[in-house]
Amino acid sequence: MNITTKHLPPSEQPYEKCQHRGAEFLSDAELLAVIIRTGTSGATSVEVAKRILAAKCGNLLALHQMSLAELQQIPGIGRVKAIQLKCIAELSKRISMSVRMHEVVLQNARSVAAYYMERLRHEEKEHVLLCMFDTKCRLIHDAVISVGTVNASLVSPREIFLKALEYRTVHMILVHNHPSGDILPSRQDIQITRQLLEGGRILGVALSDHIIIGDNQYFSFREQGMLTGAPEGERNV
């Protein structure tokens with residue numbers, strides 16, 4: 001018979017605690033327990049939640065880092081619960097991005113990096129995103145251009161400009177992550193930046209920055225003065 005939190009004293013039941021004190025008073029394990037709902041033989045949903053948290057890094061980042069298969073290896077977590085937990089992790093990323101979207105400023109690399117930090121910092125492969133801005137420097141769309149290996153991605157300048165022209169982009173920023181956490185640009189990063197600067201001059205789509213996301217840190221080509229190939233009028237956009 002599966003053990004539920006109803007076996008706990010009312011003051012320790014996550015649903016009761018949330019109702020009477022607020023969700024902010026629940027621990028990480030208790031928050032997960034509300035989603036998991038039921039435990040397994042010999043363990044409450046809170047104890048199952050603690051197993052999840054301890055499986056990787058000891059905190060909620062485990063939901064981002066664990067695959068569906070890995071979650072299902074934890075006693076008490078089946079296919080449905082694993083899917084629910086991964087959806088919760090994805091929701092947390094999207095909520096974080098929605099909160100920050102209005103703060104994204106084309107001229108401010110920090111605001112762009114903050115917007116994409118939660119989306120990219122947990123990825124185990126390189127993801128290259130194209131961020132597209134209109135004539136008023138407002139973010140109108142972003143698109144995943146490529147997903148690479150652990151330490152390399154394949155980027156086609158042609159594909160980038162086709163996507164940019166599709167959305168009538170005036171300014172663009174390339175954003176990608178380094179799963180290693182090292183934010184220093186590689187030779188390939190520098191090369192693609194130069195190609196996009198040159199192509200942008202011809203097509204009238206300005207590359208305003210290339211930002212590399214690490215673990216809670218970023219590297220901006222613009223901030224480091226590495227967009228020297230940009231037309232003079234575009235360097236201060």
# chains A, B, ... in the order shown; residues from 1 in each chain; ligands from 1
>>> select_by_dssp(residues="region 30-185 of chain A", states="helix (DSSP H, G or I)", output="PDB file with N, CA and C atoms, in the first residue's frame")
ATOM      1  N   GLU A  30       8.491  19.529  -0.220  1.00  0.00           N
ATOM      2  CA  GLU A  30       7.045  19.603  -0.051  1.00  0.00           C
ATOM      3  C   GLU A  30       6.357  20.128  -1.309  1.00  0.00           C
ATOM      4  N   LEU A  31       6.990  21.087  -1.968  1.00  0.00           N
ATOM      5  CA  LEU A  31       6.424  21.582  -3.229  1.00  0.00           C
ATOM      6  C   LEU A  31       6.342  20.469  -4.265  1.00  0.00           C
ATOM      7  N   LEU A  32       7.403  19.675  -4.355  1.00  0.00           N
ATOM      8  CA  LEU A  32       7.390  18.549  -5.288  1.00  0.00           C
ATOM      9  C   LEU A  32       6.352  17.505  -4.869  1.00  0.00           C
ATOM     10  N   ALA A  33       6.197  17.326  -3.581  1.00  0.00           N
ATOM     11  CA  ALA A  33       5.245  16.334  -3.078  1.00  0.00           C
ATOM     12  C   ALA A  33       3.819  16.668  -3.499  1.00  0.00           C
ATOM     13  N   VAL A  34       3.500  17.953  -3.595  1.00  0.00           N
ATOM     14  CA  VAL A  34       2.165  18.356  -4.042  1.00  0.00           C
ATOM     15  C   VAL A  34       1.924  17.890  -5.479  1.00  0.00           C
ATOM     16  N   ILE A  35       2.972  17.912  -6.285  1.00  0.00           N
ATOM     17  CA  ILE A  35       2.857  17.446  -7.669  1.00  0.00           C
ATOM     18  C   ILE A  35       2.825  15.921  -7.720  1.00  0.00           C
ATOM     19  N   ILE A  36       3.686  15.286  -6.938  1.00  0.00           N
ATOM     20  CA  ILE A  36       3.777  13.818  -6.951  1.00  0.00           C
ATOM     21  C   ILE A  36       2.507  13.184  -6.386  1.00  0.00           C
ATOM     22  N   SER A  45       5.061  10.872  -0.198  1.00  0.00           N
ATOM     23  CA  SER A  45       5.417  11.654  -1.381  1.00  0.00           C
ATOM     24  C   SER A  45       6.538  12.649  -1.070  1.00  0.00           C
ATOM     25  N   VAL A  46       6.599  13.139   0.167  1.00  0.00           N
ATOM     26  CA  VAL A  46       7.679  14.042   0.558  1.00  0.00           C
ATOM     27  C   VAL A  46       9.016  13.311   0.527  1.00  0.00           C
ATOM     28  N   GLU A  47       9.027  12.074   1.011  1.00  0.00           N
ATOM     29  CA  GLU A  47      10.271  11.290   0.995  1.00  0.00           C
ATOM     30  C   GLU A  47      10.692  10.942  -0.429  1.00  0.00           C
ATOM     31  N   VAL A  48       9.724  10.660  -1.294  1.00  0.00           N
ATOM     32  CA  VAL A  48      10.035  10.411  -2.700  1.00  0.00           C
ATOM     33  C   VAL A  48      10.626  11.673  -3.325  1.00  0.00           C
ATOM     34  N   ALA A  49      10.052  12.828  -2.978  1.00  0.00           N
ATOM     35  CA  ALA A  49      10.561  14.100  -3.490  1.00  0.00           C
ATOM     36  C   ALA A  49      12.000  14.332  -3.051  1.00  0.00           C
ATOM     37  N   LYS A  50      12.314  13.984  -1.822  1.00  0.00           N
ATOM     38  CA  LYS A  50      13.684  14.148  -1.328  1.00  0.00           C
ATOM     39  C   LYS A  50      14.659  13.265  -2.109  1.00  0.00           C
ATOM     40  N   ARG A  51      14.198  12.104  -2.551  1.00  0.00           N
ATOM     41  CA  ARG A  51      15.047  11.226  -3.366  1.00  0.00           C
ATOM     42  C   ARG A  51      15.382  11.902  -4.699  1.00  0.00           C
ATOM     43  N   ILE A  52      14.390  12.577  -5.263  1.00  0.00           N
ATOM     44  CA  ILE A  52      14.622  13.288  -6.533  1.00  0.00           C
ATOM     45  C   ILE A  52      15.664  14.385  -6.337  1.00  0.00           C
ATOM     46  N   LEU A  53      15.487  15.178  -5.296  1.00  0.00           N
ATOM     47  CA  LEU A  53      16.393  16.293  -5.029  1.00  0.00           C
ATOM     48  C   LEU A  53      17.823  15.809  -4.778  1.00  0.00           C
ATOM     49  N   ALA A  54      17.937  14.623  -4.160  1.00  0.00           N
ATOM     50  CA  ALA A  54      19.263  14.099  -3.839  1.00  0.00           C
ATOM     51  C   ALA A  54      19.915  13.362  -5.005  1.00  0.00           C
ATOM     52  N   ALA A  55      19.140  13.100  -6.059  1.00  0.00           N
ATOM     53  CA  ALA A  55      19.636  12.255  -7.155  1.00  0.00           C
ATOM     54  C   ALA A  55      20.743  12.906  -7.960  1.00  0.00           C
ATOM     55  N   ALA A  62      17.703  19.527 -10.138  1.00  0.00           N
ATOM     56  CA  ALA A  62      17.609  18.123 -10.549  1.00  0.00           C
ATOM     57  C   ALA A  62      16.513  17.930 -11.588  1.00  0.00           C
ATOM     58  N   LEU A  63      15.440  18.705 -11.494  1.00  0.00           N
ATOM     59  CA  LEU A  63      14.348  18.567 -12.458  1.00  0.00           C
ATOM     60  C   LEU A  63      14.794  18.943 -13.859  1.00  0.00           C
ATOM     61  N   HIS A  64      15.700  19.909 -13.976  1.00  0.00           N
ATOM     62  CA  HIS A  64      16.233  20.288 -15.278  1.00  0.00           C
ATOM     63  C   HIS A  64      17.252  19.271 -15.772  1.00  0.00           C
ATOM     64  N   GLN A  65      18.045  18.741 -14.857  1.00  0.00           N
ATOM     65  CA  GLN A  65      19.184  17.917 -15.238  1.00  0.00           C
ATOM     66  C   GLN A  65      18.825  16.458 -15.501  1.00  0.00           C
ATOM     67  N   LEU A  68      13.681  11.945 -18.479  1.00  0.00           N
ATOM     68  CA  LEU A  68      12.500  11.160 -18.106  1.00  0.00           C
ATOM     69  C   LEU A  68      12.895   9.772 -17.626  1.00  0.00           C
ATOM     70  N   ALA A  69      13.851   9.167 -18.313  1.00  0.00           N
ATOM     71  CA  ALA A  69      14.289   7.815 -17.937  1.00  0.00           C
ATOM     72  C   ALA A  69      14.921   7.811 -16.546  1.00  0.00           C
ATOM     73  N   GLU A  70      15.719   8.826 -16.261  1.00  0.00           N
ATOM     74  CA  GLU A  70      16.366   8.896 -14.945  1.00  0.00           C
ATOM     75  C   GLU A  70      15.349   9.108 -13.832  1.00  0.00           C
ATOM     76  N   LEU A  71      14.348   9.938 -14.090  1.00  0.00           N
ATOM     77  CA  LEU A  71      13.318  10.158 -13.078  1.00  0.00           C
ATOM     78  C   LEU A  71      12.557   8.871 -12.776  1.00  0.00           C
ATOM     79  N   GLN A  72      12.298   8.101 -13.818  1.00  0.00           N
ATOM     80  CA  GLN A  72      11.526   6.869 -13.637  1.00  0.00           C
ATOM     81  C   GLN A  72      12.315   5.773 -12.909  1.00  0.00           C
ATOM     82  N   ARG A  79       5.919   6.778 -15.268  1.00  0.00           N
ATOM     83  CA  ARG A  79       5.943   7.563 -16.508  1.00  0.00           C
ATOM     84  C   ARG A  79       5.164   8.867 -16.365  1.00  0.00           C
ATOM     85  N   VAL A  80       3.943   8.804 -15.832  1.00  0.00           N
ATOM     86  CA  VAL A  80       3.087   9.988 -15.734  1.00  0.00           C
ATOM     87  C   VAL A  80       3.697  11.035 -14.816  1.00  0.00           C
ATOM     88  N   LYS A  81       4.176  10.603 -13.651  1.00  0.00           N
ATOM     89  CA  LYS A  81       4.769  11.559 -12.706  1.00  0.00           C
ATOM     90  C   LYS A  81       6.048  12.167 -13.273  1.00  0.00           C
ATOM     91  N   ALA A  82       6.820  11.370 -13.981  1.00  0.00           N
ATOM     92  CA  ALA A  82       8.058  11.887 -14.580  1.00  0.00           C
ATOM     93  C   ALA A  82       7.735  12.973 -15.602  1.00  0.00           C
ATOM     94  N   ILE A  83       6.707  12.734 -16.421  1.00  0.00           N
ATOM     95  CA  ILE A  83       6.294  13.736 -17.414  1.00  0.00           C
ATOM     96  C   ILE A  83       5.798  15.001 -16.724  1.00  0.00           C
ATOM     97  N   GLN A  84       5.017  14.839 -15.662  1.00  0.00           N
ATOM     98  CA  GLN A  84       4.515  16.001 -14.932  1.00  0.00           C
ATOM     99  C   GLN A  84       5.664  16.834 -14.363  1.00  0.00           C
ATOM    100  N   LEU A  85       6.674  16.175 -13.831  1.00  0.00           N
ATOM    101  CA  LEU A  85       7.807  16.875 -13.244  1.00  0.00           C
ATOM    102  C   LEU A  85       8.625  17.611 -14.301  1.00  0.00           C
ATOM    103  N   LYS A  86       8.817  16.994 -15.464  1.00  0.00           N
ATOM    104  CA  LYS A  86       9.547  17.670 -16.536  1.00  0.00           C
ATOM    105  C   LYS A  86       8.753  18.874 -17.054  1.00  0.00           C
ATOM    106  N   CYS A  87       7.442  18.761 -17.082  1.00  0.00           N
ATOM    107  CA  CYS A  87       6.612  19.889 -17.505  1.00  0.00           C
ATOM    108  C   CYS A  87       6.692  21.034 -16.491  1.00  0.00           C
ATOM    109  N   ILE A  88       6.750  20.685 -15.208  1.00  0.00           N
ATOM    110  CA  ILE A  88       6.909  21.707 -14.177  1.00  0.00           C
ATOM    111  C   ILE A  88       8.238  22.430 -14.362  1.00  0.00           C
ATOM    112  N   ALA A  89       9.300  21.684 -14.674  1.00  0.00           N
ATOM    113  CA  ALA A  89      10.614  22.288 -14.894  1.00  0.00           C
ATOM    114  C   ALA A  89      10.571  23.239 -16.087  1.00  0.00           C
ATOM    115  N   GLU A  90       9.892  22.828 -17.150  1.00  0.00           N
ATOM    116  CA  GLU A  90       9.787  23.676 -18.327  1.00  0.00           C
ATOM    117  C   GLU A  90       8.947  24.924 -18.031  1.00  0.00           C
ATOM    118  N   LEU A  91       7.881  24.753 -17.263  1.00  0.00           N
ATOM    119  CA  LEU A  91       7.068  25.898 -16.867  1.00  0.00           C
ATOM    120  C   LEU A  91       7.884  26.911 -16.083  1.00  0.00           C
ATOM    121  N   SER A  92       8.748  26.427 -15.191  1.00  0.00           N
ATOM    122  CA  SER A  92       9.559  27.340 -14.378  1.00  0.00           C
ATOM    123  C   SER A  92      10.470  28.180 -15.264  1.00  0.00           C
ATOM    124  N   LYS A  93      11.032  27.567 -16.322  1.00  0.00           N
ATOM    125  CA  LYS A  93      11.887  28.315 -17.242  1.00  0.00           C
ATOM    126  C   LYS A  93      11.079  29.362 -17.985  1.00  0.00           C
ATOM    127  N   ARG A  94       9.893  28.989 -18.443  1.00  0.00           N
ATOM    128  CA  ARG A  94       9.094  29.916 -19.239  1.00  0.00           C
ATOM    129  C   ARG A  94       8.547  31.060 -18.394  1.00  0.00           C
ATOM    130  N   ILE A  95       8.202  30.770 -17.147  1.00  0.00           N
ATOM    131  CA  ILE A  95       7.744  31.827 -16.248  1.00  0.00           C
ATOM    132  C   ILE A  95       8.870  32.816 -16.008  1.00  0.00           C
ATOM    133  N   SER A  96      10.062  32.289 -15.753  1.00  0.00           N
ATOM    134  CA  SER A  96      11.227  33.149 -15.529  1.00  0.00           C
ATOM    135  C   SER A  96      11.482  34.040 -16.739  1.00  0.00           C
ATOM    136  N   MET A  97      11.364  33.484 -17.939  1.00  0.00           N
ATOM    137  CA  MET A  97      11.598  34.251 -19.160  1.00  0.00           C
ATOM    138  C   MET A  97      10.493  35.280 -19.381  1.00  0.00           C
ATOM    139  N   SER A  98       9.247  34.923 -19.065  1.00  0.00           N
ATOM    140  CA  SER A  98       8.138  35.855 -19.250  1.00  0.00           C
ATOM    141  C   SER A  98       8.296  37.074 -18.350  1.00  0.00           C
ATOM    142  N   VAL A  99       8.765  36.850 -17.126  1.00  0.00           N
ATOM    143  CA  VAL A  99       8.968  37.944 -16.184  1.00  0.00           C
ATOM    144  C   VAL A  99      10.021  38.912 -16.707  1.00  0.00           C
ATOM    145  N   ARG A 100      11.055  38.361 -17.358  1.00  0.00           N
ATOM    146  CA  ARG A 100      12.180  39.185 -17.789  1.00  0.00           C
ATOM    147  C   ARG A 100      12.022  39.756 -19.203  1.00  0.00           C
ATOM    148  N   MET A 101      11.034  39.293 -19.947  1.00  0.00           N
ATOM    149  CA  MET A 101      10.958  39.675 -21.354  1.00  0.00           C
ATOM    150  C   MET A 101      10.876  41.188 -21.551  1.00  0.00           C
ATOM    151  N   ALA A 109      23.589  44.081 -22.911  1.00  0.00           N
ATOM    152  CA  ALA A 109      23.891  42.647 -22.989  1.00  0.00           C
ATOM    153  C   ALA A 109      23.453  41.916 -21.731  1.00  0.00           C
ATOM    154  N   ARG A 110      23.568  42.581 -20.589  1.00  0.00           N
ATOM    155  CA  ARG A 110      23.184  41.930 -19.330  1.00  0.00           C
ATOM    156  C   ARG A 110      21.704  41.564 -19.320  1.00  0.00           C
ATOM    157  N   SER A 111      20.858  42.430 -19.861  1.00  0.00           N
ATOM    158  CA  SER A 111      19.423  42.149 -19.873  1.00  0.00           C
ATOM    159  C   SER A 111      19.108  40.979 -20.798  1.00  0.00           C
ATOM    160  N   VAL A 112      19.804  40.894 -21.920  1.00  0.00           N
ATOM    161  CA  VAL A 112      19.599  39.777 -22.852  1.00  0.00           C
ATOM    162  C   VAL A 112      20.077  38.474 -22.232  1.00  0.00           C
ATOM    163  N   ALA A 113      21.259  38.522 -21.601  1.00  0.00           N
ATOM    164  CA  ALA A 113      21.811  37.317 -20.964  1.00  0.00           C
ATOM    165  C   ALA A 113      20.911  36.833 -19.838  1.00  0.00           C
ATOM    166  N   ALA A 114      20.366  37.762 -19.056  1.00  0.00           N
ATOM    167  CA  ALA A 114      19.483  37.380 -17.950  1.00  0.00           C
ATOM    168  C   ALA A 114      18.221  36.698 -18.465  1.00  0.00           C
ATOM    169  N   TYR A 115      17.728  37.181 -19.604  1.00  0.00           N
ATOM    170  CA  TYR A 115      16.504  36.620 -20.177  1.00  0.00           C
ATOM    171  C   TYR A 115      16.696  35.172 -20.609  1.00  0.00           C
ATOM    172  N   TYR A 116      17.876  34.866 -21.162  1.00  0.00           N
ATOM    173  CA  TYR A 116      18.112  33.511 -21.675  1.00  0.00           C
ATOM    174  C   TYR A 116      18.886  32.611 -20.713  1.00  0.00           C
ATOM    175  N   MET A 117      19.290  33.148 -19.581  1.00  0.00           N
ATOM    176  CA  MET A 117      20.135  32.380 -18.666  1.00  0.00           C
ATOM    177  C   MET A 117      19.479  31.080 -18.211  1.00  0.00           C
ATOM    178  N   GLU A 118      18.254  31.162 -17.685  1.00  0.00           N
ATOM    179  CA  GLU A 118      17.602  29.961 -17.165  1.00  0.00           C
ATOM    180  C   GLU A 118      17.265  28.970 -18.270  1.00  0.00           C
ATOM    181  N   ARG A 119      17.031  29.483 -19.446  1.00  0.00           N
ATOM    182  CA  ARG A 119      16.691  28.605 -20.570  1.00  0.00           C
ATOM    183  C   ARG A 119      17.890  27.793 -21.042  1.00  0.00           C
ATOM    184  N   LEU A 120      19.090  28.387 -20.961  1.00  0.00           N
ATOM    185  CA  LEU A 120      20.263  27.766 -21.570  1.00  0.00           C
ATOM    186  C   LEU A 120      21.289  27.202 -20.595  1.00  0.00           C
ATOM    187  N   PRO A 157      25.538  30.461 -41.434  1.00  0.00           N
ATOM    188  CA  PRO A 157      25.165  31.869 -41.621  1.00  0.00           C
ATOM    189  C   PRO A 157      23.969  32.021 -42.558  1.00  0.00           C
ATOM    190  N   ARG A 158      23.902  31.188 -43.584  1.00  0.00           N
ATOM    191  CA  ARG A 158      22.785  31.260 -44.528  1.00  0.00           C
ATOM    192  C   ARG A 158      21.460  31.022 -43.805  1.00  0.00           C
ATOM    193  N   GLU A 159      21.419  30.011 -42.945  1.00  0.00           N
ATOM    194  CA  GLU A 159      20.194  29.709 -42.224  1.00  0.00           C
ATOM    195  C   GLU A 159      19.814  30.855 -41.281  1.00  0.00           C
ATOM    196  N   ILE A 160      20.825  31.472 -40.677  1.00  0.00           N
ATOM    197  CA  ILE A 160      20.573  32.582 -39.765  1.00  0.00           C
ATOM    198  C   ILE A 160      19.935  33.751 -40.509  1.00  0.00           C
ATOM    199  N   PHE A 161      20.487  34.105 -41.668  1.00  0.00           N
ATOM    200  CA  PHE A 161      19.953  35.248 -42.411  1.00  0.00           C
ATOM    201  C   PHE A 161      18.593  34.937 -43.042  1.00  0.00           C
ATOM    202  N   LEU A 162      18.365  33.697 -43.433  1.00  0.00           N
ATOM    203  CA  LEU A 162      17.045  33.330 -43.942  1.00  0.00           C
ATOM    204  C   LEU A 162      15.986  33.528 -42.862  1.00  0.00           C
ATOM    205  N   LYS A 163      16.318  33.109 -41.638  1.00  0.00           N
ATOM    206  CA  LYS A 163      15.376  33.278 -40.526  1.00  0.00           C
ATOM    207  C   LYS A 163      15.195  34.758 -40.198  1.00  0.00           C
ATOM    208  N   ALA A 164      16.278  35.510 -40.201  1.00  0.00           N
ATOM    209  CA  ALA A 164      16.201  36.936 -39.890  1.00  0.00           C
ATOM    210  C   ALA A 164      15.337  37.677 -40.902  1.00  0.00           C
ATOM    211  N   LEU A 165      15.509  37.363 -42.179  1.00  0.00           N
ATOM    212  CA  LEU A 165      14.728  38.028 -43.215  1.00  0.00           C
ATOM    213  C   LEU A 165      13.260  37.612 -43.171  1.00  0.00           C
ATOM    214  N   GLU A 166      13.013  36.395 -42.753  1.00  0.00           N
ATOM    215  CA  GLU A 166      11.634  35.910 -42.634  1.00  0.00           C
ATOM    216  C   GLU A 166      10.833  36.776 -41.676  1.00  0.00           C
TER     217      GLU A 166
END
>>> residues_around(residues="Leu129 (chain A)", least_positions_apart="6", cutoff="12 Å", atoms="only C-alpha atoms", output="PyMOL selection string")
chain A and resi 112-113+116+119-120+141-148+153-156+159-160+163-164+172-177+210-213
>>> write_last_selection(atoms="C-alpha atoms", output="PDB file, in the first residue's frame")
ATOM      1  CA  VAL A 112      19.599  39.777 -22.852  1.00  0.00           C
ATOM      2  CA  ALA A 113      21.811  37.317 -20.964  1.00  0.00           C
ATOM      3  CA  TYR A 116      18.112  33.511 -21.675  1.00  0.00           C
ATOM      4  CA  ARG A 119      16.691  28.605 -20.570  1.00  0.00           C
ATOM      5  CA  LEU A 120      20.263  27.766 -21.570  1.00  0.00           C
ATOM      6  CA  HIS A 141      11.006  36.658 -31.959  1.00  0.00           C
ATOM      7  CA  ASP A 142      13.730  34.157 -31.176  1.00  0.00           C
ATOM      8  CA  ALA A 143      14.495  30.868 -32.869  1.00  0.00           C
ATOM      9  CA  VAL A 144      16.740  27.879 -32.199  1.00  0.00           C
ATOM     10  CA  ILE A 145      19.168  27.727 -35.117  1.00  0.00           C
ATOM     11  CA  SER A 146      21.074  24.609 -34.106  1.00  0.00           C
ATOM     12  CA  VAL A 147      21.623  22.096 -31.330  1.00  0.00           C
ATOM     13  CA  GLY A 148      25.113  20.649 -31.229  1.00  0.00           C
ATOM     14  CA  SER A 153      27.404  23.377 -32.550  1.00  0.00           C
ATOM     15  CA  LEU A 154      26.997  23.629 -36.285  1.00  0.00           C
ATOM     16  CA  VAL A 155      25.848  27.081 -37.379  1.00  0.00           C
ATOM     17  CA  SER A 156      25.033  28.107 -40.918  1.00  0.00           C
ATOM     18  CA  GLU A 159      20.194  29.709 -42.224  1.00  0.00           C
ATOM     19  CA  ILE A 160      20.573  32.582 -39.765  1.00  0.00           C
ATOM     20  CA  LYS A 163      15.376  33.278 -40.526  1.00  0.00           C
ATOM     21  CA  ALA A 164      16.201  36.936 -39.890  1.00  0.00           C
ATOM     22  CA  MET A 172      19.862  40.617 -34.361  1.00  0.00           C
ATOM     23  CA  ILE A 173      21.767  39.079 -31.473  1.00  0.00           C
ATOM     24  CA  LEU A 174      23.232  35.588 -31.546  1.00  0.00           C
ATOM     25  CA  VAL A 175      23.044  33.748 -28.221  1.00  0.00           C
ATOM     26  CA  HIS A 176      24.475  30.355 -27.416  1.00  0.00           C
ATOM     27  CA  ASN A 177      25.531  28.413 -24.350  1.00  0.00           C
ATOM     28  CA  HIS A 210      26.981  37.732 -29.804  1.00  0.00           C
ATOM     29  CA  ILE A 211      26.424  36.518 -26.247  1.00  0.00           C
ATOM     30  CA  ILE A 212      27.782  33.317 -24.733  1.00  0.00           C
ATOM     31  CA  ILE A 213      25.913  31.902 -21.735  1.00  0.00           C
TER      32      ILE A 213
END
>>> residues_around(residues="Asp182 (chain A)", least_positions_apart="5", cutoff="9 Å", atoms="only C-alpha atoms", output="list of chain:residue names")
A:Ile213, A:Gly214, A:Asp215, A:Gln217
>>> write_last_selection(atoms="C-alpha atoms", output="PDB file, in the first residue's frame")
ATOM      1  CA  ILE A 213      25.913  31.902 -21.735  1.00  0.00           C
ATOM      2  CA  GLY A 214      27.759  30.011 -19.017  1.00  0.00           C
ATOM      3  CA  ASP A 215      26.639  29.064 -15.514  1.00  0.00           C
ATOM      4  CA  GLN A 217      27.737  34.333 -16.192  1.00  0.00           C
TER       5      GLN A 217
END
>>> residues_around(residues="Leu207 (chain A)", least_positions_apart="5", cutoff="9 Å", atoms="only C-alpha atoms", output="JSON, numbers by chain")
{"A": [170, 171, 172, 173, 174, 193, 196, 197, 200, 201, 227, 230, 234]}
>>> write_last_selection(atoms="all heavy atoms", output="short mmCIF file (atom, residue, chain, number, x, y, z; two decimals), in the first residue's frame")
data_model
loop_
_atom_site.label_atom_id
_atom_site.label_comp_id
_atom_site.auth_asym_id
_atom_site.auth_seq_id
_atom_site.Cartn_x
_atom_site.Cartn_y
_atom_site.Cartn_z
N VAL A 170 15.64 43.81 -38.15
CA VAL A 170 16.51 44.96 -38.38
C VAL A 170 17.82 44.80 -37.61
O VAL A 170 18.89 45.09 -38.12
CB VAL A 170 15.80 46.27 -37.98
CG1 VAL A 170 16.74 47.47 -38.18
CG2 VAL A 170 14.53 46.46 -38.79
N HIS A 171 17.71 44.36 -36.37
CA HIS A 171 18.89 44.08 -35.53
C HIS A 171 18.78 42.65 -35.02
O HIS A 171 17.68 42.17 -34.73
CB HIS A 171 18.96 45.03 -34.33
CG HIS A 171 18.84 46.48 -34.70
ND1 HIS A 171 19.87 47.18 -35.27
CD2 HIS A 171 17.80 47.35 -34.58
CE1 HIS A 171 19.48 48.43 -35.48
NE2 HIS A 171 18.23 48.55 -35.08
N MET A 172 19.89 41.97 -34.89
CA MET A 172 19.86 40.62 -34.36
C MET A 172 21.00 40.41 -33.37
O MET A 172 22.04 41.06 -33.42
CB MET A 172 19.94 39.58 -35.48
CG MET A 172 21.23 39.60 -36.27
SD MET A 172 21.21 38.38 -37.63
CE MET A 172 22.88 38.56 -38.27
N ILE A 173 20.75 39.50 -32.44
CA ILE A 173 21.77 39.08 -31.47
C ILE A 173 21.84 37.56 -31.51
O ILE A 173 20.80 36.89 -31.45
CB ILE A 173 21.43 39.56 -30.05
CG1 ILE A 173 21.50 41.08 -29.97
CG2 ILE A 173 22.38 38.94 -29.03
CD1 ILE A 173 21.14 41.65 -28.60
N LEU A 174 23.04 37.03 -31.61
CA LEU A 174 23.23 35.59 -31.55
C LEU A 174 23.53 35.22 -30.10
O LEU A 174 24.36 35.86 -29.44
CB LEU A 174 24.40 35.17 -32.46
CG LEU A 174 24.46 33.69 -32.84
CD1 LEU A 174 23.27 33.33 -33.73
CD2 LEU A 174 25.77 33.38 -33.56
N THR A 193 30.99 35.04 -35.86
CA THR A 193 30.67 36.44 -35.59
C THR A 193 31.13 37.33 -36.74
O THR A 193 30.39 38.21 -37.21
CB THR A 193 31.32 36.90 -34.28
OG1 THR A 193 30.88 36.06 -33.21
CG2 THR A 193 30.95 38.35 -33.96
N LEU A 196 28.85 36.87 -39.76
CA LEU A 196 27.55 37.52 -39.61
C LEU A 196 27.66 39.03 -39.73
O LEU A 196 26.75 39.70 -40.25
CB LEU A 196 26.92 37.13 -38.27
CG LEU A 196 26.53 35.66 -38.12
CD1 LEU A 196 25.99 35.37 -36.73
CD2 LEU A 196 25.51 35.25 -39.18
N LEU A 197 28.75 39.59 -39.25
CA LEU A 197 28.99 41.02 -39.41
C LEU A 197 29.08 41.39 -40.89
O LEU A 197 28.47 42.36 -41.35
CB LEU A 197 30.27 41.43 -38.68
CG LEU A 197 30.20 41.51 -37.16
CD1 LEU A 197 31.59 41.64 -36.56
CD2 LEU A 197 29.32 42.68 -36.72
N GLY A 200 25.71 40.82 -42.59
CA GLY A 200 24.77 41.84 -42.15
C GLY A 200 24.95 43.16 -42.87
O GLY A 200 23.97 43.86 -43.16
N ARG A 201 26.19 43.50 -43.18
CA ARG A 201 26.46 44.73 -43.93
C ARG A 201 25.81 44.67 -45.32
O ARG A 201 25.26 45.65 -45.80
CB ARG A 201 27.97 44.93 -44.08
CG ARG A 201 28.60 45.70 -42.94
CD ARG A 201 29.90 46.34 -43.39
NE ARG A 201 30.85 45.34 -43.87
CZ ARG A 201 31.75 44.73 -43.09
NH1 ARG A 201 31.78 45.02 -41.79
NH2 ARG A 201 32.59 43.85 -43.57
N LEU A 227 33.23 43.59 -31.79
CA LEU A 227 32.41 43.72 -33.00
C LEU A 227 33.04 44.76 -33.91
O LEU A 227 32.37 45.64 -34.46
CB LEU A 227 30.97 44.13 -32.64
CG LEU A 227 30.13 43.10 -31.90
CD1 LEU A 227 28.72 43.60 -31.72
CD2 LEU A 227 30.13 41.77 -32.62
N ALA A 230 31.76 45.64 -37.50
CA ALA A 230 30.46 46.28 -37.74
C ALA A 230 30.67 47.65 -38.38
O ALA A 230 31.65 48.32 -38.12
CB ALA A 230 29.70 46.45 -36.43
N GLU A 234 26.71 51.24 -36.78
CA GLU A 234 26.02 50.20 -36.06
C GLU A 234 26.70 49.86 -34.74
O GLU A 234 26.12 49.15 -33.91
CB GLU A 234 25.95 48.92 -36.92
CG GLU A 234 25.26 49.06 -38.25
CD GLU A 234 23.78 49.36 -38.11
OE1 GLU A 234 23.26 49.26 -36.97
OE2 GLU A 234 23.14 49.72 -39.10
#
>>> select_by_dssp(residues="region 21-140 of chain A", states="strand (DSSP E)", output="ChimeraX atom specification")
/A:38-41,127-133,139-140
>>> residues_around(residues="Thr135 (chain A)", least_positions_apart="2", cutoff="12 Å", atoms="only C-alpha atoms", output="list of chain:residue names")
A:Leu106, A:Met132, A:Phe133, A:Cys137, A:Arg138, A:Leu139, A:Ile140, A:Tyr167, A:Arg168, A:Thr169, A:Val170, A:His171, A:Met172, A:Gly204, A:Val205, A:Ala206, A:Val237
>>> atom_distance(atom1="CA of Val104 (chain A)", atom2="CA of Lys136 (chain A)")
12.6 Å
>>> closest_residue(among="A:Leu60, A:Cys131, A:Ile190, A:Ile77", to="Gly39 (chain A)", atoms="only C-alpha atoms")
A:Ile77
>>> closest_residue(among="A:Gln191, A:Asn108, A:Ser208, A:Asn216", to="His122 (chain A)", atoms="only C-alpha atoms")
A:Asn216
>>> atom_distance(atom1="CA of Phe221 (chain A)", atom2="CA of Gly181 (chain A)")
16.8 Å
>>> atom_distance(atom1="CA of Gly199 (chain A)", atom2="CA of His178 (chain A)")
24.5 Å
